[in-house]
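Trainee: Dropping a structure here in structure tokens format, bear with me for questions.
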Protein chains: 2
Amino acid sequence: MPQNMTITACLIALDWGTSRLRAYLLGAQGQIIEQRAASLGILKIPAGEFDATFEQACAPWFDSHGPLPVLLSGMIGSRQGWVEAAYAKCPAGLDETAANLLRFASARQRQINVVPGLSFESDAGVPDVMRGEETQIFGALEDASAGVFVLPGTHSKWARVEAGKVESFATFMTGELFSLLLEHSILGRTVEGRGHDTSAFRRGCEYGAQSEDGAGLLHAIFSARTLALFERIAPAHRAAYLSGVLIGAEVHGALRWIGAQARDITLIGEAALCDLYLEAAHTLGARARIAASNVTARGLWRIARAAALA
Amino acid sequence: MPQNMTITACLIALDWGTSRLRAYLLGAQGQIIEQRAASLGILKIPAGEFDATFEQACAPWFDSHGPLPVLLSGMIGSRQGWVEAAYAKCPAGLDETAANLLRFASARQRQINVVPGLSFESDAGVPDVMRGEETQIFGALEDASAGVFVLPGTHSKWARVEAGKVESFATFMTGELFSLLLEHSILGRTVEGRGHDTSAFRRGCEYGAQSEDGAGLLHAIFSARTLALFERIAPAHRAAYLSGVLIGAEVHGALRWIGAQARDITLIGEAALCDLYLEAAHTLGARARIAASNVTARGLWRIARAAALA
């Protein structure tokens, strides 16, 4: 690609999670010069193969651009990853994160820096953790210094940010529970497909949220069984309904946990999932917007700048 | 057994659920003359084999005592069972249940009666159902006409009884979710065994209950992961902790759903499970007692009397 030859590359930045690896070659203003993605998440790589996998993804960039610094974020810094980077404690912003980078040299003497995840301990003395999401939040924070950021997924994260620092956050096992219930519980037996249906999803949201002030989620999910038993919800809409119950319970619980400030939230993540949460938030009376799609590369760039890597 | 020859048998009563069949030969005061149990729950019996299975369990009693009436309760009356008995609607007591028995003749012309399950529809328009538990409640009600009855299990039931009638009830998928999370989720990966530990269980109860007024269960269960990650709970105690979180959430949600009346509850079921719920109830400030162990046979007898079968 001859047009790249005139742009100076400054950083190789990787978002390396459990299922995927995304690598960015970034220029002097943090712009993306090149990027690549592969299904090389840490759960797919045998122990001891992280260095080789990294070279496989990034060696061509070193060959073309010389000894660039490298910044990694995500589960690659967990106990199951390449090296374990201790969590930075909340409140933590760019400076605290930059100050806690884990630095080491790879087999080929590349200068590798790993973003620490964040930990937060509640008043009840129970810790919570994130790895990778903090980088996305810092990317989305570029236009603001405060807000509530929601990263939906297998383990959704809700984070409260003040003055550029993540003050507190909470994890919700919504996505994992949805899959478990569909695949292994009695609720999945009469479900046909996982297609979306707005009406069934909203009905589930409202019931899930309302139940959070009543009998709770253990009761609410059983409605997916009884509504099916009495044929009040079509087999093709049952997955959407159950998804609504779970996401409605999550959103209601998270809003209650965060308080009034949480009525205005920013969603970060895959478009289809953000759309679901947008729908849930609106159904439950919260204002929500979806962050730009490039927040991960922006977050990595901002951390690199704060650490004077680039 | 010669001593039985002088006692007149009046009823063959079966509690026939998904995993087990329990059969009772009852005398003129409802006393148990003989009983047998087998792992012949309806999920283990091929369609079309219910009649033969019934004969296998009860033919000797007909041979010895002649054409006794038969009363069945439990999932045998469900769509997956021998015949489907339509639910009786709450409020329902002995009379409503007796009036809604499903009657039919078996292949050998035995007179079979099936106890209907109960259904309840909440103000939110969501139905709930039970099959078999109503019989246990009627058995436990012998000494009282009102109360809150809790039947813990895969799908726990909480029922509010007034003037001998089940007014309302709610199902909680606690036991099923506990198994799912231990067997298939990330929470089960670092658990060693399912042994009980009172301290870990109570800690879980308190956190699960407290979370019901905060971020909710989807967040609370993640504590089983983070407390393990930070090694604040021993591998051998993690199952007890998670069980506590779930049961604590159930008990708190159920008490909130039922209201102040629910501070005094009667537990019905397997001794070890009732002990756990007793511990949870006491931890969360509710008064609880465990019902006598023979409530199923008593309930079948009381329904049979109300229906003039015996």
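Just so we're on the same page: first chain in the structure tokens is A, next is B, and so on; residues restart at 1 for each chain, and ligands are numbered from 1 in the order they show up.
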If you count only C-alpha atoms, which residues fall within 10 Å of Leu284 in chain B, apart from same-chain ones fewer than 2 positions away, as a PyMOL selection string?
Mentor: chain B and resi 202+205-206+209-210+248+251-252+255+263+278-282+286-287
Trainee: Can you pull out every residue within 10 Å of Ser179 in chain B, counting only C-alpha atoms, but drop anything in the same chain fewer than 4 positions away, and send it as a list in words?
Mentor: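 My reading of the contact set: Ser185 of chain A; Thr154, Thr174, Gly175, Glu183, His184, Ser185, Gly188, Ala239 and Ser243 of chain B.
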Trainee: Convert the current residue selection to file output with all heavy atoms, as an mmCIF file, in the first residue's frame.
Mentor:
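Wrote it out as result-v7.cif, contents follow:
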data_model
loop_
_atom_site.group_PDB
_atom_site.id
_atom_site.type_symbol
_atom_site.label_atom_id
_atom_site.label_comp_id
_atom_site.auth_asym_id
_atom_site.auth_seq_id
_atom_site.Cartn_x
_atom_site.Cartn_y
_atom_site.Cartn_z
ATOM 1 N N SER A 185 -31.362 -24.880 30.133
ATOM 2 C CA SER A 185 -32.452 -24.916 31.119
ATOM 3 C C SER A 185 -33.764 -25.325 30.473
ATOM 4 O O SER A 185 -33.882 -25.418 29.247
ATOM 5 C CB SER A 185 -32.637 -23.546 31.769
ATOM 6 O OG SER A 185 -33.517 -22.749 31.008
ATOM 7 N N THR B 154 -35.693 -27.429 42.729
ATOM 8 C CA THR B 154 -35.289 -26.988 41.386
ATOM 9 C C THR B 154 -36.067 -25.739 41.008
ATOM 10 O O THR B 154 -35.496 -24.754 40.539
ATOM 11 C CB THR B 154 -35.582 -28.105 40.365
ATOM 12 O OG1 THR B 154 -34.946 -29.300 40.838
ATOM 13 C CG2 THR B 154 -35.048 -27.755 39.006
ATOM 14 N N THR B 174 -34.466 -21.234 41.471
ATOM 15 C CA THR B 174 -33.224 -21.200 42.236
ATOM 16 C C THR B 174 -32.372 -22.453 42.071
ATOM 17 O O THR B 174 -31.182 -22.375 41.778
ATOM 18 C CB THR B 174 -33.576 -20.982 43.716
ATOM 19 O OG1 THR B 174 -34.518 -19.897 43.788
ATOM 20 C CG2 THR B 174 -32.358 -20.651 44.538
ATOM 21 N N GLY B 175 -32.977 -23.612 42.291
ATOM 22 C CA GLY B 175 -32.206 -24.854 42.222
ATOM 23 C C GLY B 175 -31.671 -25.114 40.821
ATOM 24 O O GLY B 175 -30.514 -25.515 40.650
ATOM 25 N N GLU B 183 -22.372 -25.996 36.769
ATOM 26 C CA GLU B 183 -21.961 -26.956 35.735
ATOM 27 C C GLU B 183 -21.518 -26.312 34.433
ATOM 28 O O GLU B 183 -20.681 -26.853 33.728
ATOM 29 C CB GLU B 183 -23.117 -27.934 35.450
ATOM 30 C CG GLU B 183 -23.311 -28.930 36.581
ATOM 31 C CD GLU B 183 -24.680 -29.596 36.543
ATOM 32 O OE1 GLU B 183 -25.296 -29.652 35.467
ATOM 33 O OE2 GLU B 183 -25.140 -30.054 37.617
ATOM 34 N N HIS B 184 -22.086 -25.155 34.107
ATOM 35 C CA HIS B 184 -21.847 -24.628 32.760
ATOM 36 C C HIS B 184 -21.283 -23.220 32.704
ATOM 37 O O HIS B 184 -20.924 -22.752 31.633
ATOM 38 C CB HIS B 184 -23.150 -24.662 31.957
ATOM 39 C CG HIS B 184 -23.726 -26.025 31.785
ATOM 40 N ND1 HIS B 184 -23.129 -26.977 30.995
ATOM 41 C CD2 HIS B 184 -24.821 -26.611 32.312
ATOM 42 C CE1 HIS B 184 -23.858 -28.093 31.037
ATOM 43 N NE2 HIS B 184 -24.875 -27.899 31.836
ATOM 44 N N SER B 185 -21.235 -22.485 33.836
ATOM 45 C CA SER B 185 -20.784 -21.091 33.742
ATOM 46 C C SER B 185 -19.351 -20.937 34.227
ATOM 47 O O SER B 185 -18.753 -21.852 34.790
ATOM 48 C CB SER B 185 -21.694 -20.177 34.574
ATOM 49 O OG SER B 185 -21.224 -20.100 35.906
ATOM 50 N N GLY B 188 -18.402 -21.909 37.910
ATOM 51 C CA GLY B 188 -18.143 -23.269 38.362
ATOM 52 C C GLY B 188 -16.697 -23.707 38.205
ATOM 53 O O GLY B 188 -16.272 -24.693 38.815
ATOM 54 N N ALA B 239 -19.124 -23.216 46.398
ATOM 55 C CA ALA B 239 -20.475 -23.690 46.058
ATOM 56 C C ALA B 239 -21.461 -23.241 47.138
ATOM 57 O O ALA B 239 -22.561 -22.779 46.822
ATOM 58 C CB ALA B 239 -20.489 -25.207 45.909
ATOM 59 N N SER B 243 -24.641 -20.838 46.490
ATOM 60 C CA SER B 243 -25.954 -21.298 46.934
ATOM 61 C C SER B 243 -26.588 -20.253 47.847
ATOM 62 O O SER B 243 -27.784 -19.945 47.744
ATOM 63 C CB SER B 243 -25.772 -22.636 47.653
ATOM 64 O OG SER B 243 -26.885 -22.950 48.429
#
Trainee: Could you pull out the alpha helix (DSSP H) residues of range 60-180 of chain A, going by DSSP on the backbone, and write them as a CSV table (one decimal) with N, CA and C atoms, in the first residue's frame?
Mentor:
chain,number,residue,atom,x,y,z
A,60,PRO,N,5.0,-8.0,10.4
A,60,PRO,CA,5.1,-7.2,9.1
A,60,PRO,C,5.2,-5.7,9.4
A,61,TRP,N,4.6,-5.2,10.5
A,61,TRP,CA,4.6,-3.8,10.8
A,61,TRP,C,6.0,-3.4,11.3
A,62,PHE,N,6.6,-4.3,12.2
A,62,PHE,CA,7.9,-4.0,12.6
A,62,PHE,C,8.9,-4.0,11.4
A,63,ASP,N,8.7,-4.9,10.5
A,63,ASP,CA,9.6,-5.0,9.3
A,63,ASP,C,9.5,-3.7,8.5
A,64,SER,N,8.3,-3.1,8.4
A,64,SER,CA,8.1,-1.9,7.6
A,64,SER,C,8.5,-0.6,8.3
A,65,HIS,N,8.3,-0.6,9.7
A,65,HIS,CA,8.3,0.6,10.4
A,65,HIS,C,9.4,0.7,11.5
A,94,LEU,N,-6.8,8.1,33.1
A,94,LEU,CA,-5.7,7.9,32.2
A,94,LEU,C,-4.3,7.9,32.9
A,95,ASP,N,-4.1,8.8,33.8
A,95,ASP,CA,-2.8,8.9,34.5
A,95,ASP,C,-2.6,7.7,35.4
A,96,GLU,N,-3.6,7.2,36.2
A,96,GLU,CA,-3.4,6.1,37.0
A,96,GLU,C,-3.2,4.8,36.2
A,97,THR,N,-3.8,4.8,35.0
A,97,THR,CA,-3.7,3.6,34.2
A,97,THR,C,-2.3,3.6,33.5
A,98,ALA,N,-1.9,4.8,33.0
A,98,ALA,CA,-0.5,4.9,32.4
A,98,ALA,C,0.6,4.5,33.4
A,99,ALA,N,0.4,5.0,34.7
A,99,ALA,CA,1.4,4.7,35.7
A,99,ALA,C,1.5,3.3,36.1
A,133,GLU,N,-12.4,-3.1,29.0
A,133,GLU,CA,-13.4,-2.1,29.0
A,133,GLU,C,-13.0,-0.8,29.4
A,134,GLU,N,-12.0,-0.7,30.3
A,134,GLU,CA,-11.5,0.6,30.7
A,134,GLU,C,-10.9,1.4,29.6
A,135,THR,N,-10.2,0.6,28.7
A,135,THR,CA,-9.6,1.3,27.5
A,135,THR,C,-10.7,1.8,26.6
A,136,GLN,N,-11.8,1.1,26.4
A,136,GLN,CA,-12.9,1.6,25.6
A,136,GLN,C,-13.5,2.8,26.2
A,137,ILE,N,-13.7,2.8,27.5
A,137,ILE,CA,-14.3,3.9,28.2
A,137,ILE,C,-13.4,5.2,28.0
A,138,PHE,N,-12.0,5.0,28.2
A,138,PHE,CA,-11.2,6.2,28.0
A,138,PHE,C,-11.2,6.7,26.5
A,139,GLY,N,-11.5,5.8,25.6
A,139,GLY,CA,-11.7,6.2,24.2
A,139,GLY,C,-13.0,7.0,24.0
A,140,ALA,N,-14.0,6.5,24.7
A,140,ALA,CA,-15.3,7.2,24.6
A,140,ALA,C,-15.4,8.5,25.3
A,174,THR,N,-25.3,-11.0,32.4
A,174,THR,CA,-26.5,-11.1,31.6
A,174,THR,C,-26.4,-12.0,30.4
A,175,GLY,N,-25.3,-11.7,29.6
A,175,GLY,CA,-25.1,-12.4,28.3
A,175,GLY,C,-24.9,-13.9,28.6
A,176,GLU,N,-24.0,-14.2,29.6
A,176,GLU,CA,-23.7,-15.6,29.9
A,176,GLU,C,-25.0,-16.3,30.4
A,177,LEU,N,-25.8,-15.6,31.3
A,177,LEU,CA,-27.0,-16.3,31.8
A,177,LEU,C,-28.0,-16.5,30.7
A,178,PHE,N,-28.1,-15.6,29.7
A,178,PHE,CA,-29.0,-15.8,28.6
A,178,PHE,C,-28.7,-17.1,27.8
A,179,SER,N,-27.4,-17.2,27.5
A,179,SER,CA,-27.0,-18.4,26.8
A,179,SER,C,-27.2,-19.7,27.6
A,180,LEU,N,-26.9,-19.6,28.9
A,180,LEU,CA,-27.1,-20.8,29.7
A,180,LEU,C,-28.5,-21.2,29.8
Trainee: Show me, as a ChimeraX atom specification, every residue of chain A with an atom at most 9 Å from chain B, counting only C-alpha atoms.
Mentor: /A:124,126-129,155,170-174,176-177,180-181,184-186,207,211-223,225-227,230,246,249-258
Trainee: Enter the distance from CA of Ala228 in chain B to CA of Leu187 in chain B, in Å, rounded to one decimal.
Mentor: 8.9 Å
